[in-house]
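Before any comments, here is the structure.
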Amino acid sequence: MTDALSASGAPDETVLGARTGPLLEVVDATLGGAFERLRGRQGVDEVAAIVSNLSDYGLLWVVIALAKARRRGPRRTRALSALAAAGVLSFGVNKLLKTATDRGRPATPRPPGTIGLPVRPPSTSSFPSGHTLAAFSASTLLAENKTEAAAYVGLAAAVGVSRVHLGDHHPSDVVGGALIGTLIGLVARSALRRR
């Protein structure tokens with residue numbers, strides 16, 4: 001389940017300094033195992049790689065914000081403020097949580113030989129999924145109506161699924177990233193509206 005082992009040789013799953021416990025390990029193994037049927041299928045693996053790469057460093061959200069900001073006026077200001085808030089807050093919170101948790105990555109290898117695109121390998125703690133946290137933060141901040149909210153949350157969910165499919169995160173890392181990112185987005189959205 002994880003690369004990290006305790007002194008006893010058992011998986012050392014910690015989140016926020018506490019052991020995750022057997023229930024979370026079972027949930028992660030069950031949900032993560034559901035992806036096994038799809039891993040190794042070139043089309044699915046390539047889509048996961050593309051989605052993951054598009055969300056790397058917030059690229060997808062930068063493109064959306066710039067498209068919204070193409071004309072001068074209040075919409076441009078809202079889009080650029082939302083992008084800046086999402087970028088700064090998600091980076092800071094993600095870095096803080098990854099340092100605090102130091103959770104091991106899943107032992108699931110990337111699908112072999114089916115991904116022609118390079119995907120940046122993760123190098124930090126597994127919890128939370130930074131891609132997912134940033135995606136949900138940006139999607140919450142950038143959406144200006146229900147249609148956009150549904151589309152952006154769908155894109156953010158696809159980011160989270162891609163991270164589990166590629167074996168870079170436990171499912172609970174993605175769920176945590178989604179919840180934290182949404183909370184960041186809602187708080188920042190409220191603060192930006194008061195300006």
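Labels for the structure tokens follow display order: chains A, B, ..., residues from 1 in each chain, ligands from 1.
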Inset, instruction - Find the spatial neighbours of range 39-50 of chain A, counting only C-alpha atoms, within a cut-off of 12 Å - ignore same-chain residues fewer than 5 positions away - and output them as a PyMOL selection string. - result: chain A and resi 32-34+55-56+59-60+108-121+155+157-168
Could you write out the selected residues, including N, CA and C atoms, as an mmCIF file, in the first residue's frame?
```cif
data_model
loop_
_atom_site.group_PDB
_atom_site.id
_atom_site.type_symbol
_atom_site.label_atom_id
_atom_site.label_comp_id
_atom_site.auth_asym_id
_atom_site.auth_seq_id
_atom_site.Cartn_x
_atom_site.Cartn_y
_atom_site.Cartn_z
ATOM 1 N N GLY A 32 -8.459 2.166 -4.821
ATOM 2 C CA GLY A 32 -7.288 2.109 -5.694
ATOM 3 C C GLY A 32 -7.291 0.864 -6.565
ATOM 4 N N GLY A 33 -7.762 -0.244 -5.991
ATOM 5 C CA GLY A 33 -7.825 -1.499 -6.736
ATOM 6 C C GLY A 33 -8.805 -1.449 -7.895
ATOM 7 N N ALA A 34 -9.823 -0.591 -7.774
ATOM 8 C CA ALA A 34 -10.802 -0.464 -8.853
ATOM 9 C C ALA A 34 -10.153 0.036 -10.143
ATOM 10 N N SER A 55 -2.936 19.717 -15.812
ATOM 11 C CA SER A 55 -3.151 20.335 -14.500
ATOM 12 C C SER A 55 -1.844 20.651 -13.784
ATOM 13 N N ASP A 56 -0.725 20.194 -14.320
ATOM 14 C CA ASP A 56 0.574 20.445 -13.697
ATOM 15 C C ASP A 56 0.843 21.945 -13.654
ATOM 16 N N LEU A 59 -1.698 24.727 -15.236
ATOM 17 C CA LEU A 59 -1.774 25.150 -16.636
ATOM 18 C C LEU A 59 -3.222 25.255 -17.129
ATOM 19 N N LEU A 60 -4.017 24.249 -16.873
ATOM 20 C CA LEU A 60 -5.413 24.241 -17.331
ATOM 21 C C LEU A 60 -6.163 25.456 -16.793
ATOM 22 N N THR A 108 1.873 1.354 -6.022
ATOM 23 C CA THR A 108 1.386 1.057 -7.364
ATOM 24 C C THR A 108 2.300 1.684 -8.400
ATOM 25 N N PRO A 109 2.890 0.880 -9.262
ATOM 26 C CA PRO A 109 3.749 1.471 -10.302
ATOM 27 C C PRO A 109 2.904 2.120 -11.388
ATOM 28 N N ARG A 110 3.492 3.072 -12.070
ATOM 29 C CA ARG A 110 2.814 3.667 -13.223
ATOM 30 C C ARG A 110 2.565 2.583 -14.256
ATOM 31 N N PRO A 111 1.482 2.717 -15.022
ATOM 32 C CA PRO A 111 1.221 1.714 -16.058
ATOM 33 C C PRO A 111 2.428 1.562 -16.979
ATOM 34 N N PRO A 112 2.937 0.343 -17.137
ATOM 35 C CA PRO A 112 4.163 0.132 -17.909
ATOM 36 C C PRO A 112 3.950 0.199 -19.413
ATOM 37 N N GLY A 113 4.777 0.991 -20.081
ATOM 38 C CA GLY A 113 4.850 0.979 -21.532
ATOM 39 C C GLY A 113 3.640 1.470 -22.284
ATOM 40 N N THR A 114 2.663 2.054 -21.601
ATOM 41 C CA THR A 114 1.456 2.477 -22.303
ATOM 42 C C THR A 114 1.314 3.996 -22.332
ATOM 43 N N ILE A 115 2.243 4.688 -21.722
ATOM 44 C CA ILE A 115 2.170 6.142 -21.705
ATOM 45 C C ILE A 115 3.350 6.695 -22.489
ATOM 46 N N GLY A 116 3.044 7.280 -23.653
ATOM 47 C CA GLY A 116 4.099 7.846 -24.481
ATOM 48 C C GLY A 116 4.509 9.244 -24.042
ATOM 49 N N LEU A 117 3.667 9.876 -23.240
ATOM 50 C CA LEU A 117 3.950 11.243 -22.783
ATOM 51 C C LEU A 117 4.732 11.211 -21.481
ATOM 52 N N PRO A 118 5.690 12.093 -21.326
ATOM 53 C CA PRO A 118 6.358 12.164 -20.028
ATOM 54 C C PRO A 118 5.416 12.797 -18.998
ATOM 55 N N VAL A 119 5.364 12.221 -17.812
ATOM 56 C CA VAL A 119 4.573 12.763 -16.711
ATOM 57 C C VAL A 119 5.548 13.005 -15.571
ATOM 58 N N ARG A 120 5.564 14.240 -15.064
ATOM 59 C CA ARG A 120 6.500 14.586 -14.001
ATOM 60 C C ARG A 120 6.271 13.691 -12.791
ATOM 61 N N PRO A 121 7.320 12.995 -12.336
ATOM 62 C CA PRO A 121 7.147 12.115 -11.174
ATOM 63 C C PRO A 121 7.012 12.929 -9.889
ATOM 64 N N LEU A 155 -13.866 18.886 -14.494
ATOM 65 C CA LEU A 155 -12.445 18.880 -14.859
ATOM 66 C C LEU A 155 -11.570 18.602 -13.638
ATOM 67 N N ALA A 157 -12.403 16.947 -10.954
ATOM 68 C CA ALA A 157 -12.565 15.537 -10.600
ATOM 69 C C ALA A 157 -11.729 14.649 -11.524
ATOM 70 N N ALA A 158 -11.686 14.992 -12.806
ATOM 71 C CA ALA A 158 -10.871 14.225 -13.752
ATOM 72 C C ALA A 158 -9.393 14.294 -13.372
ATOM 73 N N VAL A 159 -8.962 15.453 -12.873
ATOM 74 C CA VAL A 159 -7.579 15.591 -12.411
ATOM 75 C C VAL A 159 -7.322 14.610 -11.279
ATOM 76 N N GLY A 160 -8.223 14.582 -10.293
ATOM 77 C CA GLY A 160 -8.061 13.675 -9.159
ATOM 78 C C GLY A 160 -8.024 12.210 -9.586
ATOM 79 N N VAL A 161 -8.932 11.839 -10.472
ATOM 80 C CA VAL A 161 -8.974 10.456 -10.965
ATOM 81 C C VAL A 161 -7.671 10.115 -11.690
ATOM 82 N N SER A 162 -7.157 11.047 -12.468
ATOM 83 C CA SER A 162 -5.908 10.780 -13.208
ATOM 84 C C SER A 162 -4.757 10.512 -12.259
ATOM 85 N N ARG A 163 -4.727 11.208 -11.117
ATOM 86 C CA ARG A 163 -3.626 11.040 -10.163
ATOM 87 C C ARG A 163 -3.667 9.659 -9.511
ATOM 88 N N VAL A 164 -4.869 9.158 -9.241
ATOM 89 C CA VAL A 164 -4.983 7.806 -8.689
ATOM 90 C C VAL A 164 -4.666 6.785 -9.775
ATOM 91 N N HIS A 165 -5.192 6.999 -10.977
ATOM 92 C CA HIS A 165 -4.947 6.058 -12.074
ATOM 93 C C HIS A 165 -3.452 5.890 -12.352
ATOM 94 N N LEU A 166 -2.720 6.989 -12.309
ATOM 95 C CA LEU A 166 -1.282 6.928 -12.588
ATOM 96 C C LEU A 166 -0.488 6.317 -11.433
ATOM 97 N N GLY A 167 -1.155 6.084 -10.299
ATOM 98 C CA GLY A 167 -0.477 5.489 -9.149
ATOM 99 C C GLY A 167 0.307 6.496 -8.331
ATOM 100 N N ASP A 168 0.043 7.784 -8.543
ATOM 101 C CA ASP A 168 0.777 8.820 -7.828
ATOM 102 C C ASP A 168 0.175 9.143 -6.463
#
```
Proximity of range 90-151 of chain A to range 179-193 of chain A: per-residue shortest pair, 9 Å limit, only C-alpha atoms, as CSV:
```
residue,atom,partner,partner_atom,distance
A:Ser90,CA,A:Gly181,CA,6.9
A:Val93,CA,A:Ile180,CA,8.7
A:Pro128,CA,A:Ile180,CA,8.5
A:Gly130,CA,A:Gly181,CA,8.9
A:Thr132,CA,A:Gly181,CA,7.4
A:Leu133,CA,A:Gly181,CA,4.2
A:Ala134,CA,A:Gly181,CA,6.0
A:Ala135,CA,A:Gly181,CA,7.2
A:Phe136,CA,A:Gly181,CA,4.9
A:Ser137,CA,A:Gly181,CA,4.2
A:Ala138,CA,A:Gly185,CA,6.7
A:Ser139,CA,A:Gly185,CA,7.8
A:Thr140,CA,A:Gly185,CA,5.1
A:Leu141,CA,A:Gly185,CA,5.3
A:Leu142,CA,A:Arg189,CA,8.9
```
Writer output for current selection, N, CA, C and O atoms, as a tab-separated table (two decimals), in the first residue's frame:
```tsv
chain	number	residue	atom	x	y	z
A	90	SER	N	-3.43	27.69	-2.75
A	90	SER	CA	-3.27	26.24	-2.90
A	90	SER	C	-1.81	25.83	-2.76
A	90	SER	O	-1.50	24.80	-2.14
A	93	VAL	N	-0.97	26.18	1.22
A	93	VAL	CA	-1.64	25.17	2.04
A	93	VAL	C	-1.11	23.78	1.69
A	93	VAL	O	-0.85	22.96	2.59
A	128	PRO	N	-1.77	16.11	0.88
A	128	PRO	CA	-2.87	15.84	-0.04
A	128	PRO	C	-2.38	15.83	-1.48
A	128	PRO	O	-1.24	16.19	-1.75
A	130	GLY	N	-1.71	17.58	-4.47
A	130	GLY	CA	-1.58	19.00	-4.80
A	130	GLY	C	-2.28	19.36	-6.10
A	130	GLY	O	-2.88	20.43	-6.21
A	132	THR	N	-4.96	17.96	-7.26
A	132	THR	CA	-6.40	17.97	-6.98
A	132	THR	C	-6.78	19.16	-6.12
A	132	THR	O	-7.79	19.82	-6.38
A	133	LEU	N	-5.98	19.46	-5.11
A	133	LEU	CA	-6.25	20.61	-4.25
A	133	LEU	C	-6.30	21.89	-5.09
A	133	LEU	O	-7.24	22.68	-4.99
A	134	ALA	N	-5.30	22.09	-5.93
A	134	ALA	CA	-5.26	23.28	-6.78
A	134	ALA	C	-6.43	23.30	-7.76
A	134	ALA	O	-7.02	24.36	-8.02
A	135	ALA	N	-6.78	22.14	-8.31
A	135	ALA	CA	-7.87	22.07	-9.29
A	135	ALA	C	-9.21	22.46	-8.66
A	135	ALA	O	-9.98	23.23	-9.24
A	136	PHE	N	-9.50	21.94	-7.47
A	136	PHE	CA	-10.77	22.28	-6.83
A	136	PHE	C	-10.78	23.72	-6.32
A	136	PHE	O	-11.81	24.39	-6.37
A	137	SER	N	-9.64	24.21	-5.88
A	137	SER	CA	-9.55	25.61	-5.47
A	137	SER	C	-9.82	26.52	-6.65
A	137	SER	O	-10.64	27.44	-6.59
A	138	ALA	N	-9.15	26.27	-7.77
A	138	ALA	CA	-9.32	27.10	-8.97
A	138	ALA	C	-10.73	26.96	-9.54
A	138	ALA	O	-11.34	27.97	-9.93
A	139	SER	N	-11.25	25.75	-9.58
A	139	SER	CA	-12.59	25.57	-10.15
A	139	SER	C	-13.64	26.30	-9.33
A	139	SER	O	-14.57	26.91	-9.88
A	140	THR	N	-13.49	26.30	-8.01
A	140	THR	CA	-14.43	27.00	-7.14
A	140	THR	C	-14.32	28.51	-7.32
A	140	THR	O	-15.33	29.22	-7.35
A	141	LEU	N	-13.11	29.01	-7.47
A	141	LEU	CA	-12.90	30.45	-7.61
A	141	LEU	C	-13.24	30.99	-8.99
A	141	LEU	O	-13.73	32.12	-9.12
A	142	LEU	N	-13.00	30.21	-10.03
A	142	LEU	CA	-13.19	30.71	-11.39
A	142	LEU	C	-14.63	30.63	-11.90
A	142	LEU	O	-15.02	31.39	-12.79
```
Residues of range 11-194 of chain A classed as strand (DSSP E) by DSSP on the backbone are to be reported as a PDB file with N, CA, C and O atoms, in the first residue's frame.
```
ATOM      1  N   THR A  14       0.681   7.674   7.774  1.00  0.00           N
ATOM      2  CA  THR A  14       0.341   8.760   8.677  1.00  0.00           C
ATOM      3  C   THR A  14      -0.212   9.935   7.906  1.00  0.00           C
ATOM      4  O   THR A  14       0.216  10.228   6.797  1.00  0.00           O
ATOM      5  N   VAL A  15      -1.206  10.560   8.478  1.00  0.00           N
ATOM      6  CA  VAL A  15      -1.773  11.786   7.949  1.00  0.00           C
ATOM      7  C   VAL A  15      -1.896  12.733   9.130  1.00  0.00           C
ATOM      8  O   VAL A  15      -2.491  12.391  10.142  1.00  0.00           O
ATOM      9  N   ALA A  18      -0.809  11.369  12.567  1.00  0.00           N
ATOM     10  CA  ALA A  18      -1.507  10.250  13.204  1.00  0.00           C
ATOM     11  C   ALA A  18      -1.602   9.092  12.219  1.00  0.00           C
ATOM     12  O   ALA A  18      -1.702   9.288  11.019  1.00  0.00           O
ATOM     13  N   ARG A  19      -1.574   7.883  12.745  1.00  0.00           N
ATOM     14  CA  ARG A  19      -1.742   6.722  11.870  1.00  0.00           C
ATOM     15  C   ARG A  19      -3.109   6.779  11.217  1.00  0.00           C
ATOM     16  O   ARG A  19      -4.086   7.150  11.848  1.00  0.00           O
TER      17      ARG A  19
END
```
Legend entry - Backbone DSSP call of alpha helix (DSSP H) for range 38-108 of chain A, listed as a VMD selection string: chain A and resid 42 to 55 59 to 68 74 to 101
Please dump the current selection as an mmCIF file, in the first residue's frame; keep C-alpha atoms.
```cif
data_model
loop_
_atom_site.group_PDB
_atom_site.id
_atom_site.type_symbol
_atom_site.label_atom_id
_atom_site.label_comp_id
_atom_site.auth_asym_id
_atom_site.auth_seq_id
_atom_site.Cartn_x
_atom_site.Cartn_y
_atom_site.Cartn_z
ATOM 1 C CA GLN A 42 -3.059 2.544 -23.601
ATOM 2 C CA GLY A 43 -5.991 4.860 -24.371
ATOM 3 C CA VAL A 44 -6.993 5.196 -20.726
ATOM 4 C CA ASP A 45 -3.387 5.602 -19.582
ATOM 5 C CA GLU A 46 -2.739 8.301 -22.193
ATOM 6 C CA VAL A 47 -5.873 10.253 -21.203
ATOM 7 C CA ALA A 48 -4.817 10.093 -17.535
ATOM 8 C CA ALA A 49 -1.356 11.363 -18.487
ATOM 9 C CA ILE A 50 -2.788 14.207 -20.585
ATOM 10 C CA VAL A 51 -5.182 15.318 -17.832
ATOM 11 C CA SER A 52 -2.419 15.134 -15.223
ATOM 12 C CA ASN A 53 -0.025 17.121 -17.418
ATOM 13 C CA LEU A 54 -2.641 19.779 -18.209
ATOM 14 C CA SER A 55 -3.151 20.335 -14.500
ATOM 15 C CA LEU A 59 -1.774 25.150 -16.636
ATOM 16 C CA LEU A 60 -5.413 24.241 -17.331
ATOM 17 C CA TRP A 61 -6.665 26.885 -14.889
ATOM 18 C CA VAL A 62 -4.313 29.541 -16.263
ATOM 19 C CA VAL A 63 -5.722 28.928 -19.756
ATOM 20 C CA ILE A 64 -9.312 29.166 -18.463
ATOM 21 C CA ALA A 65 -8.571 32.359 -16.512
ATOM 22 C CA LEU A 66 -6.822 33.972 -19.473
ATOM 23 C CA ALA A 67 -9.745 33.090 -21.749
ATOM 24 C CA LYS A 68 -12.101 34.771 -19.282
ATOM 25 C CA PRO A 74 -14.724 43.481 -14.231
ATOM 26 C CA ARG A 75 -14.681 39.953 -15.659
ATOM 27 C CA ARG A 76 -10.934 40.256 -16.323
ATOM 28 C CA THR A 77 -10.333 41.516 -12.789
ATOM 29 C CA ARG A 78 -12.392 38.662 -11.278
ATOM 30 C CA ALA A 79 -10.646 35.998 -13.369
ATOM 31 C CA LEU A 80 -7.125 37.217 -12.645
ATOM 32 C CA SER A 81 -7.867 37.735 -8.929
ATOM 33 C CA ALA A 82 -9.369 34.241 -8.731
ATOM 34 C CA LEU A 83 -6.352 32.721 -10.476
ATOM 35 C CA ALA A 84 -3.889 34.547 -8.221
ATOM 36 C CA ALA A 85 -5.774 33.576 -5.058
ATOM 37 C CA ALA A 86 -6.071 29.940 -6.147
ATOM 38 C CA GLY A 87 -2.388 29.763 -7.042
ATOM 39 C CA VAL A 88 -0.997 31.377 -3.916
ATOM 40 C CA LEU A 89 -3.361 29.735 -1.422
ATOM 41 C CA SER A 90 -3.275 26.237 -2.896
ATOM 42 C CA PHE A 91 0.522 26.326 -3.120
ATOM 43 C CA GLY A 92 0.924 27.499 0.480
ATOM 44 C CA VAL A 93 -1.638 25.166 2.042
ATOM 45 C CA ASN A 94 -0.430 22.199 -0.014
ATOM 46 C CA LYS A 95 3.193 22.783 0.988
ATOM 47 C CA LEU A 96 2.251 23.143 4.655
ATOM 48 C CA LEU A 97 0.164 19.959 4.694
ATOM 49 C CA LYS A 98 2.697 17.884 2.764
ATOM 50 C CA THR A 99 5.405 18.912 5.231
ATOM 51 C CA ALA A 100 3.155 18.100 8.194
ATOM 52 C CA THR A 101 1.988 14.699 6.950
#
```
